[in-house]
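Peer 1: Here you go, this is upload_35.cif (mmCIF, N, CA and C atoms and all ligand atoms).
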data_work
loop_
_atom_site.label_atom_id
_atom_site.label_comp_id
_atom_site.auth_asym_id
_atom_site.auth_seq_id
_atom_site.Cartn_x
_atom_site.Cartn_y
_atom_site.Cartn_z
N MET A 22 10.75 162.69 323.75
CA MET A 22 10.78 164.02 323.14
C MET A 22 11.85 164.10 322.07
N ARG A 23 12.92 163.35 322.28
CA ARG A 23 13.97 163.35 321.28
C ARG A 23 13.44 162.83 319.95
N LYS A 24 12.63 161.79 320.02
CA LYS A 24 12.07 161.20 318.81
C LYS A 24 11.22 162.25 318.08
N LYS A 25 10.48 162.99 318.85
CA LYS A 25 9.61 164.03 318.31
C LYS A 25 10.45 165.10 317.58
N THR A 26 11.54 165.47 318.21
CA THR A 26 12.41 166.50 317.63
C THR A 26 12.97 166.03 316.30
N ILE A 27 13.45 164.82 316.29
CA ILE A 27 14.02 164.29 315.05
C ILE A 27 12.96 164.27 313.96
N ALA A 28 11.75 163.89 314.33
CA ALA A 28 10.67 163.86 313.35
C ALA A 28 10.41 165.26 312.81
N ALA A 29 10.43 166.24 313.69
CA ALA A 29 10.19 167.62 313.26
C ALA A 29 11.30 168.09 312.34
N LEU A 30 12.52 167.70 312.66
CA LEU A 30 13.65 168.10 311.84
C LEU A 30 13.58 167.45 310.47
N ALA A 31 13.20 166.19 310.46
CA ALA A 31 13.09 165.48 309.19
C ALA A 31 12.03 166.13 308.33
N LEU A 32 10.94 166.53 308.94
CA LEU A 32 9.86 167.18 308.21
C LEU A 32 10.35 168.51 307.64
N ALA A 33 11.07 169.27 308.45
CA ALA A 33 11.59 170.55 307.99
C ALA A 33 12.51 170.35 306.80
N ALA A 34 13.33 169.31 306.87
CA ALA A 34 14.26 169.04 305.77
C ALA A 34 13.49 168.66 304.52
N ALA A 35 12.45 167.84 304.70
CA ALA A 35 11.65 167.39 303.57
C ALA A 35 10.96 168.56 302.88
N LEU A 36 10.62 169.55 303.66
CA LEU A 36 9.92 170.71 303.11
C LEU A 36 10.89 171.76 302.59
N GLY A 37 12.16 171.47 302.71
CA GLY A 37 13.14 172.41 302.21
C GLY A 37 13.32 173.60 303.13
N GLY A 38 12.97 173.43 304.38
CA GLY A 38 13.11 174.52 305.34
C GLY A 38 14.57 174.81 305.63
N THR A 39 14.80 175.91 306.28
CA THR A 39 16.16 176.30 306.63
C THR A 39 16.69 175.39 307.72
N ILE A 40 17.80 174.74 307.45
CA ILE A 40 18.41 173.83 308.41
C ILE A 40 19.80 174.33 308.74
N GLY A 41 20.18 174.21 309.99
CA GLY A 41 21.53 174.60 310.38
C GLY A 41 21.54 175.87 311.17
N ALA A 42 22.72 176.38 311.41
CA ALA A 42 22.88 177.56 312.23
C ALA A 42 22.32 178.78 311.52
N ALA A 43 21.87 179.72 312.33
CA ALA A 43 21.45 180.99 311.75
C ALA A 43 22.68 181.66 311.16
N PRO A 44 22.50 182.42 310.12
CA PRO A 44 23.66 183.05 309.48
C PRO A 44 24.37 184.04 310.41
N ALA A 45 25.68 184.03 310.36
CA ALA A 45 26.45 184.95 311.18
C ALA A 45 26.36 186.35 310.61
N GLN A 46 25.95 187.29 311.43
CA GLN A 46 25.83 188.67 310.98
C GLN A 46 26.33 189.61 312.07
N ALA A 47 26.06 190.87 311.91
CA ALA A 47 26.63 191.90 312.78
C ALA A 47 26.36 191.68 314.26
N GLY A 48 25.17 191.21 314.60
CA GLY A 48 24.83 191.09 316.01
C GLY A 48 25.22 189.77 316.63
N TYR A 49 25.97 188.97 315.89
CA TYR A 49 26.44 187.67 316.40
C TYR A 49 27.58 187.94 317.37
N VAL A 50 27.44 187.49 318.61
CA VAL A 50 28.45 187.80 319.63
C VAL A 50 28.91 186.54 320.35
N THR A 51 30.09 186.63 320.96
CA THR A 51 30.64 185.50 321.71
C THR A 51 30.91 185.86 323.17
N ARG A 52 30.50 187.05 323.56
CA ARG A 52 30.66 187.46 324.96
C ARG A 52 29.29 187.43 325.64
N PRO A 53 29.14 186.64 326.70
CA PRO A 53 27.81 186.51 327.32
C PRO A 53 27.36 187.79 328.02
N PRO A 54 26.04 187.99 328.11
CA PRO A 54 25.51 189.09 328.92
C PRO A 54 25.96 188.90 330.36
N ALA A 55 26.06 190.00 331.12
CA ALA A 55 26.57 189.94 332.50
C ALA A 55 25.74 189.02 333.39
N ASP A 56 24.44 188.94 333.12
CA ASP A 56 23.58 188.15 334.00
C ASP A 56 23.35 186.72 333.50
N CYS A 57 24.08 186.33 332.48
CA CYS A 57 23.89 184.98 331.91
C CYS A 57 25.07 184.10 332.32
N GLY A 58 24.91 183.41 333.44
CA GLY A 58 25.99 182.61 334.00
C GLY A 58 26.29 181.35 333.22
N PRO A 59 27.40 180.71 333.56
CA PRO A 59 27.80 179.47 332.88
C PRO A 59 26.71 178.40 332.97
N GLY A 60 26.48 177.73 331.86
CA GLY A 60 25.51 176.64 331.83
C GLY A 60 24.12 177.06 331.42
N LEU A 61 23.88 178.36 331.26
CA LEU A 61 22.53 178.85 330.99
C LEU A 61 22.27 179.17 329.52
N LEU A 62 21.04 178.93 329.11
CA LEU A 62 20.50 179.55 327.91
C LEU A 62 19.73 180.77 328.40
N CYS A 63 20.02 181.95 327.85
CA CYS A 63 19.36 183.18 328.27
C CYS A 63 18.63 183.83 327.10
N ALA A 64 17.39 184.22 327.35
CA ALA A 64 16.60 184.91 326.33
C ALA A 64 16.09 186.21 326.92
N TYR A 65 15.98 187.24 326.08
CA TYR A 65 15.59 188.58 326.54
C TYR A 65 14.50 189.15 325.65
N GLN A 66 13.65 189.94 326.28
CA GLN A 66 12.50 190.52 325.58
C GLN A 66 12.91 191.52 324.51
N HIS A 67 13.95 192.31 324.80
CA HIS A 67 14.36 193.35 323.87
C HIS A 67 15.77 193.09 323.34
N ARG A 68 16.20 193.88 322.38
CA ARG A 68 17.54 193.77 321.85
C ARG A 68 18.57 194.11 322.93
N ASP A 69 19.78 193.65 322.73
CA ASP A 69 20.89 193.97 323.64
C ASP A 69 20.61 193.60 325.09
N TRP A 70 19.98 192.45 325.30
CA TRP A 70 19.74 191.87 326.62
C TRP A 70 18.81 192.75 327.46
N GLY A 71 17.84 193.40 326.83
CA GLY A 71 16.94 194.30 327.56
C GLY A 71 15.59 193.68 327.90
N GLY A 72 14.85 194.36 328.79
CA GLY A 72 13.49 193.95 329.15
C GLY A 72 13.44 192.70 330.00
N ALA A 73 12.32 191.98 329.88
CA ALA A 73 12.15 190.74 330.65
C ALA A 73 13.22 189.74 330.21
N ARG A 74 13.57 188.82 331.13
CA ARG A 74 14.60 187.83 330.81
C ARG A 74 14.21 186.46 331.32
N TRP A 75 14.59 185.47 330.57
CA TRP A 75 14.26 184.08 330.92
C TRP A 75 15.52 183.24 330.79
N LYS A 76 15.70 182.29 331.73
CA LYS A 76 16.93 181.49 331.74
C LYS A 76 16.60 180.03 332.00
N TRP A 77 17.36 179.17 331.32
CA TRP A 77 17.16 177.73 331.49
C TRP A 77 18.49 177.00 331.54
N TYR A 78 18.58 176.02 332.43
CA TYR A 78 19.74 175.12 332.42
C TYR A 78 19.47 173.92 331.50
N GLY A 79 18.23 173.47 331.44
CA GLY A 79 17.91 172.27 330.67
C GLY A 79 16.98 172.56 329.50
N ASP A 80 16.41 171.49 328.97
CA ASP A 80 15.43 171.62 327.88
C ASP A 80 14.18 172.31 328.40
N ASP A 81 13.47 172.99 327.52
CA ASP A 81 12.12 173.45 327.86
C ASP A 81 11.27 173.30 326.61
N THR A 82 10.34 172.36 326.66
CA THR A 82 9.54 172.05 325.49
C THR A 82 8.35 172.98 325.33
N ASN A 83 8.20 173.94 326.25
CA ASN A 83 7.08 174.89 326.14
C ASN A 83 7.39 176.17 326.90
N TRP A 84 7.66 177.23 326.18
CA TRP A 84 7.99 178.52 326.80
C TRP A 84 6.74 179.28 327.24
N ASN A 85 5.55 178.72 327.03
CA ASN A 85 4.33 179.45 327.36
C ASN A 85 4.04 179.53 328.86
N ASN A 86 4.81 178.82 329.68
CA ASN A 86 4.61 178.92 331.13
C ASN A 86 5.85 179.49 331.82
N ASP A 87 6.67 180.22 331.07
CA ASP A 87 7.87 180.83 331.64
C ASP A 87 7.71 182.35 331.62
N TRP A 88 7.55 182.91 332.81
CA TRP A 88 7.23 184.34 332.93
C TRP A 88 8.35 185.09 333.65
N ASN A 89 8.54 186.35 333.25
CA ASN A 89 9.41 187.26 333.99
C ASN A 89 8.84 188.66 333.83
N ASN A 90 8.68 189.35 334.94
CA ASN A 90 8.20 190.74 334.87
C ASN A 90 6.87 190.86 334.15
N GLY A 91 6.02 189.84 334.27
CA GLY A 91 4.71 189.88 333.64
C GLY A 91 4.71 189.58 332.15
N VAL A 92 5.85 189.13 331.63
CA VAL A 92 5.94 188.82 330.20
C VAL A 92 6.28 187.34 330.03
N VAL A 93 5.53 186.66 329.18
CA VAL A 93 5.79 185.25 328.93
C VAL A 93 6.91 185.12 327.89
N ALA A 94 7.71 184.09 328.04
CA ALA A 94 8.85 183.90 327.13
C ALA A 94 8.40 183.57 325.71
N ALA A 95 7.35 182.79 325.58
CA ALA A 95 6.91 182.35 324.25
C ALA A 95 6.63 183.52 323.33
N ASN A 96 7.25 183.50 322.17
CA ASN A 96 7.03 184.52 321.14
C ASN A 96 7.45 185.93 321.57
N HIS A 97 8.37 186.03 322.54
CA HIS A 97 8.80 187.35 322.99
C HIS A 97 10.31 187.55 323.02
N ALA A 98 11.10 186.56 322.66
CA ALA A 98 12.56 186.73 322.73
C ALA A 98 13.08 187.52 321.52
N THR A 99 13.91 188.53 321.83
CA THR A 99 14.51 189.33 320.76
C THR A 99 16.03 189.33 320.83
N SER A 100 16.59 188.89 321.95
CA SER A 100 18.03 188.60 321.97
C SER A 100 18.25 187.31 322.75
N LEU A 101 19.33 186.60 322.41
CA LEU A 101 19.56 185.23 322.91
C LEU A 101 21.04 184.98 323.14
N PHE A 102 21.35 184.22 324.17
CA PHE A 102 22.74 183.78 324.32
C PHE A 102 22.79 182.37 324.90
N ASN A 103 23.61 181.52 324.30
CA ASN A 103 23.85 180.16 324.80
C ASN A 103 25.17 180.17 325.57
N ASN A 104 25.06 180.17 326.89
CA ASN A 104 26.29 180.14 327.71
C ASN A 104 26.53 178.75 328.28
N GLY A 105 26.12 177.75 327.52
CA GLY A 105 26.29 176.37 327.94
C GLY A 105 27.75 175.99 328.09
N THR A 106 28.02 175.14 329.05
CA THR A 106 29.39 174.65 329.24
C THR A 106 29.62 173.48 328.30
N PRO A 107 30.81 173.40 327.71
CA PRO A 107 31.08 172.34 326.74
C PRO A 107 30.82 170.95 327.32
N CYS A 108 30.08 170.14 326.58
CA CYS A 108 29.82 168.75 326.99
C CYS A 108 29.41 167.98 325.75
N ALA A 109 29.66 166.70 325.78
CA ALA A 109 29.34 165.87 324.61
C ALA A 109 27.84 165.66 324.49
N GLY A 110 27.28 166.09 323.39
CA GLY A 110 25.86 165.84 323.12
C GLY A 110 24.88 166.74 323.83
N CYS A 111 25.35 167.82 324.43
CA CYS A 111 24.40 168.61 325.23
C CYS A 111 24.73 170.09 325.33
N ASP A 112 25.56 170.64 324.46
CA ASP A 112 25.90 172.05 324.64
C ASP A 112 25.42 172.99 323.53
N THR A 113 24.71 172.42 322.56
CA THR A 113 24.16 173.24 321.48
C THR A 113 22.65 173.32 321.66
N VAL A 114 22.08 174.51 321.47
CA VAL A 114 20.65 174.68 321.66
C VAL A 114 19.94 174.79 320.31
N VAL A 115 18.90 173.97 320.14
CA VAL A 115 18.07 174.07 318.94
C VAL A 115 16.72 174.68 319.34
N PHE A 116 16.16 175.51 318.45
CA PHE A 116 14.96 176.27 318.75
C PHE A 116 13.82 175.92 317.80
N PHE A 117 12.60 176.01 318.33
CA PHE A 117 11.41 175.68 317.55
C PHE A 117 10.37 176.79 317.68
N ASP A 118 9.53 176.91 316.65
CA ASP A 118 8.58 178.02 316.62
C ASP A 118 7.28 177.78 317.39
N GLU A 119 7.13 176.56 317.90
CA GLU A 119 5.96 176.24 318.71
C GLU A 119 6.40 175.28 319.82
N PRO A 120 5.54 175.03 320.81
CA PRO A 120 5.89 174.01 321.80
C PRO A 120 6.16 172.69 321.08
N LEU A 121 7.07 171.88 321.62
CA LEU A 121 7.42 170.65 320.93
C LEU A 121 6.26 169.65 320.85
N SER A 122 5.24 169.85 321.68
CA SER A 122 4.09 168.95 321.63
C SER A 122 3.19 169.27 320.43
N ALA A 123 3.38 170.42 319.82
CA ALA A 123 2.53 170.80 318.68
C ALA A 123 2.96 170.03 317.43
N PRO A 124 1.99 169.43 316.74
CA PRO A 124 2.32 168.65 315.54
C PRO A 124 3.04 169.49 314.48
N SER A 125 2.77 170.78 314.45
CA SER A 125 3.35 171.63 313.40
C SER A 125 4.60 172.38 313.85
N ALA A 126 5.17 172.00 315.00
CA ALA A 126 6.37 172.69 315.49
C ALA A 126 7.47 172.62 314.44
N GLY A 127 8.06 173.77 314.16
CA GLY A 127 9.09 173.84 313.13
C GLY A 127 10.43 174.28 313.68
N TYR A 128 11.46 173.75 313.09
CA TYR A 128 12.84 174.05 313.51
C TYR A 128 13.25 175.44 313.00
N LEU A 129 13.76 176.25 313.90
CA LEU A 129 14.18 177.61 313.51
C LEU A 129 15.68 177.71 313.28
N GLY A 130 16.46 176.91 314.01
CA GLY A 130 17.91 177.00 313.91
C GLY A 130 18.53 176.73 315.27
N CYS A 131 19.80 177.08 315.42
CA CYS A 131 20.51 176.67 316.63
C CYS A 131 21.54 177.70 317.05
N LEU A 132 22.03 177.52 318.27
CA LEU A 132 23.12 178.34 318.79
C LEU A 132 24.17 177.42 319.39
N HIS A 133 25.41 177.60 318.95
CA HIS A 133 26.52 176.86 319.53
C HIS A 133 26.84 177.45 320.91
N PRO A 134 27.50 176.67 321.77
CA PRO A 134 27.87 177.20 323.09
C PRO A 134 28.79 178.41 322.94
N GLY A 135 28.56 179.42 323.79
CA GLY A 135 29.40 180.61 323.76
C GLY A 135 29.06 181.58 322.65
N THR A 136 27.82 181.48 322.13
CA THR A 136 27.41 182.41 321.08
C THR A 136 26.00 182.93 321.33
N GLY A 137 25.71 184.08 320.72
CA GLY A 137 24.39 184.65 320.86
C GLY A 137 24.14 185.73 319.83
N TYR A 138 22.91 186.28 319.87
CA TYR A 138 22.53 187.35 318.96
C TYR A 138 21.94 188.50 319.78
N THR A 139 22.42 189.70 319.53
CA THR A 139 21.96 190.86 320.30
C THR A 139 20.65 191.43 319.77
N ASN A 140 20.27 191.08 318.55
CA ASN A 140 19.03 191.63 318.01
C ASN A 140 18.49 190.71 316.91
N LEU A 141 17.56 189.86 317.28
CA LEU A 141 17.02 188.90 316.31
C LEU A 141 16.27 189.60 315.17
N VAL A 142 15.82 190.81 315.39
CA VAL A 142 15.09 191.53 314.34
C VAL A 142 15.95 191.65 313.09
N VAL A 143 17.23 191.91 313.28
CA VAL A 143 18.10 192.04 312.11
C VAL A 143 18.99 190.82 311.91
N ASP A 144 19.25 190.07 312.97
CA ASP A 144 20.21 188.97 312.87
C ASP A 144 19.58 187.62 312.53
N TRP A 145 18.33 187.44 312.88
CA TRP A 145 17.72 186.12 312.71
C TRP A 145 16.20 186.32 312.75
N ARG A 146 15.68 186.90 311.68
CA ARG A 146 14.29 187.37 311.64
C ARG A 146 13.26 186.28 311.91
N SER A 147 13.52 185.06 311.43
CA SER A 147 12.53 183.99 311.59
C SER A 147 12.35 183.58 313.05
N ALA A 148 13.36 183.87 313.88
CA ALA A 148 13.28 183.49 315.29
C ALA A 148 12.74 184.62 316.17
N GLU A 149 12.79 185.84 315.69
CA GLU A 149 12.40 186.99 316.51
C GLU A 149 10.92 186.91 316.89
N ASN A 150 10.66 187.02 318.20
CA ASN A 150 9.28 186.92 318.72
C ASN A 150 8.56 185.67 318.20
N ASN A 151 9.31 184.58 318.07
CA ASN A 151 8.70 183.37 317.50
C ASN A 151 9.06 182.09 318.25
N ILE A 152 10.12 182.08 319.02
CA ILE A 152 10.56 180.86 319.70
C ILE A 152 9.58 180.46 320.81
N GLU A 153 9.27 179.17 320.86
CA GLU A 153 8.38 178.69 321.94
C GLU A 153 8.90 177.42 322.61
N SER A 154 10.07 176.93 322.20
CA SER A 154 10.65 175.77 322.87
C SER A 154 12.10 175.61 322.44
N HIS A 155 12.85 174.86 323.25
CA HIS A 155 14.25 174.59 322.88
C HIS A 155 14.71 173.28 323.50
N GLU A 156 15.76 172.73 322.90
CA GLU A 156 16.39 171.54 323.48
C GLU A 156 17.90 171.67 323.33
N TRP A 157 18.62 171.05 324.26
CA TRP A 157 20.08 170.99 324.20
C TRP A 157 20.45 169.67 323.52
N ILE A 158 21.20 169.75 322.46
CA ILE A 158 21.64 168.52 321.79
C ILE A 158 23.14 168.64 321.49
N GLY A 159 23.66 167.72 320.69
CA GLY A 159 25.10 167.68 320.47
C GLY A 159 25.63 168.65 319.44
N LYS A 160 24.81 169.01 318.46
CA LYS A 160 25.29 169.90 317.40
C LYS A 160 24.10 170.42 316.63
N CYS A 161 24.36 171.43 315.82
CA CYS A 161 23.30 171.95 314.97
C CYS A 161 22.93 170.89 313.94
N ILE A 162 21.69 170.92 313.49
CA ILE A 162 21.20 169.94 312.54
C ILE A 162 21.45 170.45 311.11
N GLY A 163 21.94 169.59 310.28
CA GLY A 163 22.14 169.96 308.88
C GLY A 163 23.44 170.69 308.62
CA CA B 1 8.33 176.03 330.05
CA CA B 2 5.93 180.96 317.65
#
Give the structure from this file in structure tokens form.
Ligand SMILES: [Ca+2]
Ligand SMILES: [Ca+2]
Peer 2:
Amino acid sequence: MRKKTIAALALAAALGGTIGAAPAQAGYVTRPPADCGPGLLCAYQHRDWGGARWKWYGDDTNWNNDWNNGVVAANHATSLFNNGTPCAGCDTVVFFDEPLSAPSAGYLGCLHPGTGYTNLVVDWRSAENNIESHEWIGKCIG
């Protein structure tokens, strides 16, 4: 899967896509939501950690089978927090707009450990209601 990710990133770069961290804006926060424990990537259906919630300790190459409260994670996250614990090569989360098995999966950007966005609608529009997979790697790409 790592090989696949690198290929997707290379393609995004070749196409001049946005590479690197999402731009820091008003909703960029460094304090985790109360229910997002150490080591977790947490995604929420609504802004400000509202609605359905999904949590992962590891990689998830397909959010289409992750449900909470009758809502699937794929294409439904509107706020996000990376509460990963610092580690070499595994504490930064990269996000993709489709499952990683999809040939057209595109890189959306990344979150460093201890950071998140309270409202992707205004903070990171390309990722809002669009994420369908993620991986933990060593750093943001580009
Ligand atoms: Ca999944
Ligand atoms: Ca999508």
Peer 1: Which protein, DNA or RNA residues have an atom within 6 Å of ligand CA 2 (chain B), counting only N, CA and C atoms and all ligand atoms, as a PyMOL selection string?
Peer 2: chain A and resi 96+118-119+150-153
Peer 1: How would the residues just chosen look if you wrote them out with N, CA and C atoms as a tab-separated table (two decimals), keeping the file's coordinate frame?
Peer 2:
chain	number	residue	atom	x	y	z
A	96	ASN	N	7.25	183.50	322.17
A	96	ASN	CA	7.03	184.52	321.14
A	96	ASN	C	7.45	185.93	321.57
A	118	ASP	N	9.53	176.91	316.65
A	118	ASP	CA	8.58	178.02	316.62
A	118	ASP	C	7.28	177.78	317.39
A	119	GLU	N	7.13	176.56	317.90
A	119	GLU	CA	5.96	176.24	318.71
A	119	GLU	C	6.40	175.28	319.82
A	150	ASN	N	10.66	187.02	318.20
A	150	ASN	CA	9.28	186.92	318.72
A	150	ASN	C	8.56	185.67	318.20
A	151	ASN	N	9.31	184.58	318.07
A	151	ASN	CA	8.70	183.37	317.50
A	151	ASN	C	9.06	182.09	318.25
A	152	ILE	N	10.12	182.08	319.02
A	152	ILE	CA	10.56	180.86	319.70
A	152	ILE	C	9.58	180.46	320.81
A	153	GLU	N	9.27	179.17	320.86
A	153	GLU	CA	8.38	178.69	321.94
A	153	GLU	C	8.90	177.42	322.61
Peer 1: Can I get the residues close to ligand CA 1 (chain B) as a PyMOL selection string, where close means within 6 Å and we count all atoms listed in the file?
Peer 2: chain A and resi 81-87
Peer 1: Need the shell around Asn104 (chain A): protein/DNA/RNA residues with any atom at most 12 Å away, counting only C-alpha atoms. Skip same-chain ones fewer than 6 positions apart. Format as number ranges by chain?
Peer 2: A: 50-64, 76-79, 111-114, 132-138, 157
Peer 1: Between atom C of Thr106 (chain A) and CA of Ala126 (chain A), what is the distance, to one decimal in Å?
Peer 2: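 About the pair atom C of Thr106 (chain A) and CA of Ala126 (chain A): they are 26.6 Å apart.
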Peer 1: Let me know the centre plus edge lengths, in Å and rounded to one decimal, of a box with edges along x, y and z that contains all listed atoms of region 81-97 of chain A and is padded by 3 Å on every side, as lines of an AutoDock Vina configuration file.
Peer 2:
center_x = 8.8
center_y = 181.5
center_z = 328.0
size_x = 15.4
size_y = 24.8
size_z = 19.8
Peer 1: Just give me the gap between CA of Pro124 (chain A) and CA of Trp145 (chain A) in Å, one decimal is fine.
Peer 2: 23.5 Å
Peer 1: Using all atoms listed in the file, which of A:Val143, A:Leu129, A:Ala95, A:Ala109 sits nearest Gly159 (chain A)?
Peer 2: A:Ala109
Peer 1: Using Å and a single decimal, report how far atom N of Asp144 (chain A) sits from CA of His97 (chain A).
Peer 2: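 A separation of 14.7 Å between them.
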Peer 1: Counting only N, CA and C atoms, select every polymer residue within 7 Å of (20.6, 193.9, 323.3) as defined in the file's coordinates, and provide the selection as JSON, numbers by chain.
Peer 2: {"A": [67, 68, 69, 70, 71, 99, 100, 138, 139, 140]}
Peer 1: As JSON, numbers by chain, please: all residues of region 112-153 of chain A that backbone DSSP puts in strand (DSSP E).
Peer 2: {"A": [113, 114, 115, 116, 117, 128, 129, 130, 131, 132, 136, 137, 138]}
Peer 1: Using all atoms listed in the file, list the residues that have an atom at most 6.5 Å from (13.3, 187.8, 330.8), coordinates as in the file, as an MDAnalysis selection string.
Peer 2: chainID A and resid 64:66 72:76 88:90
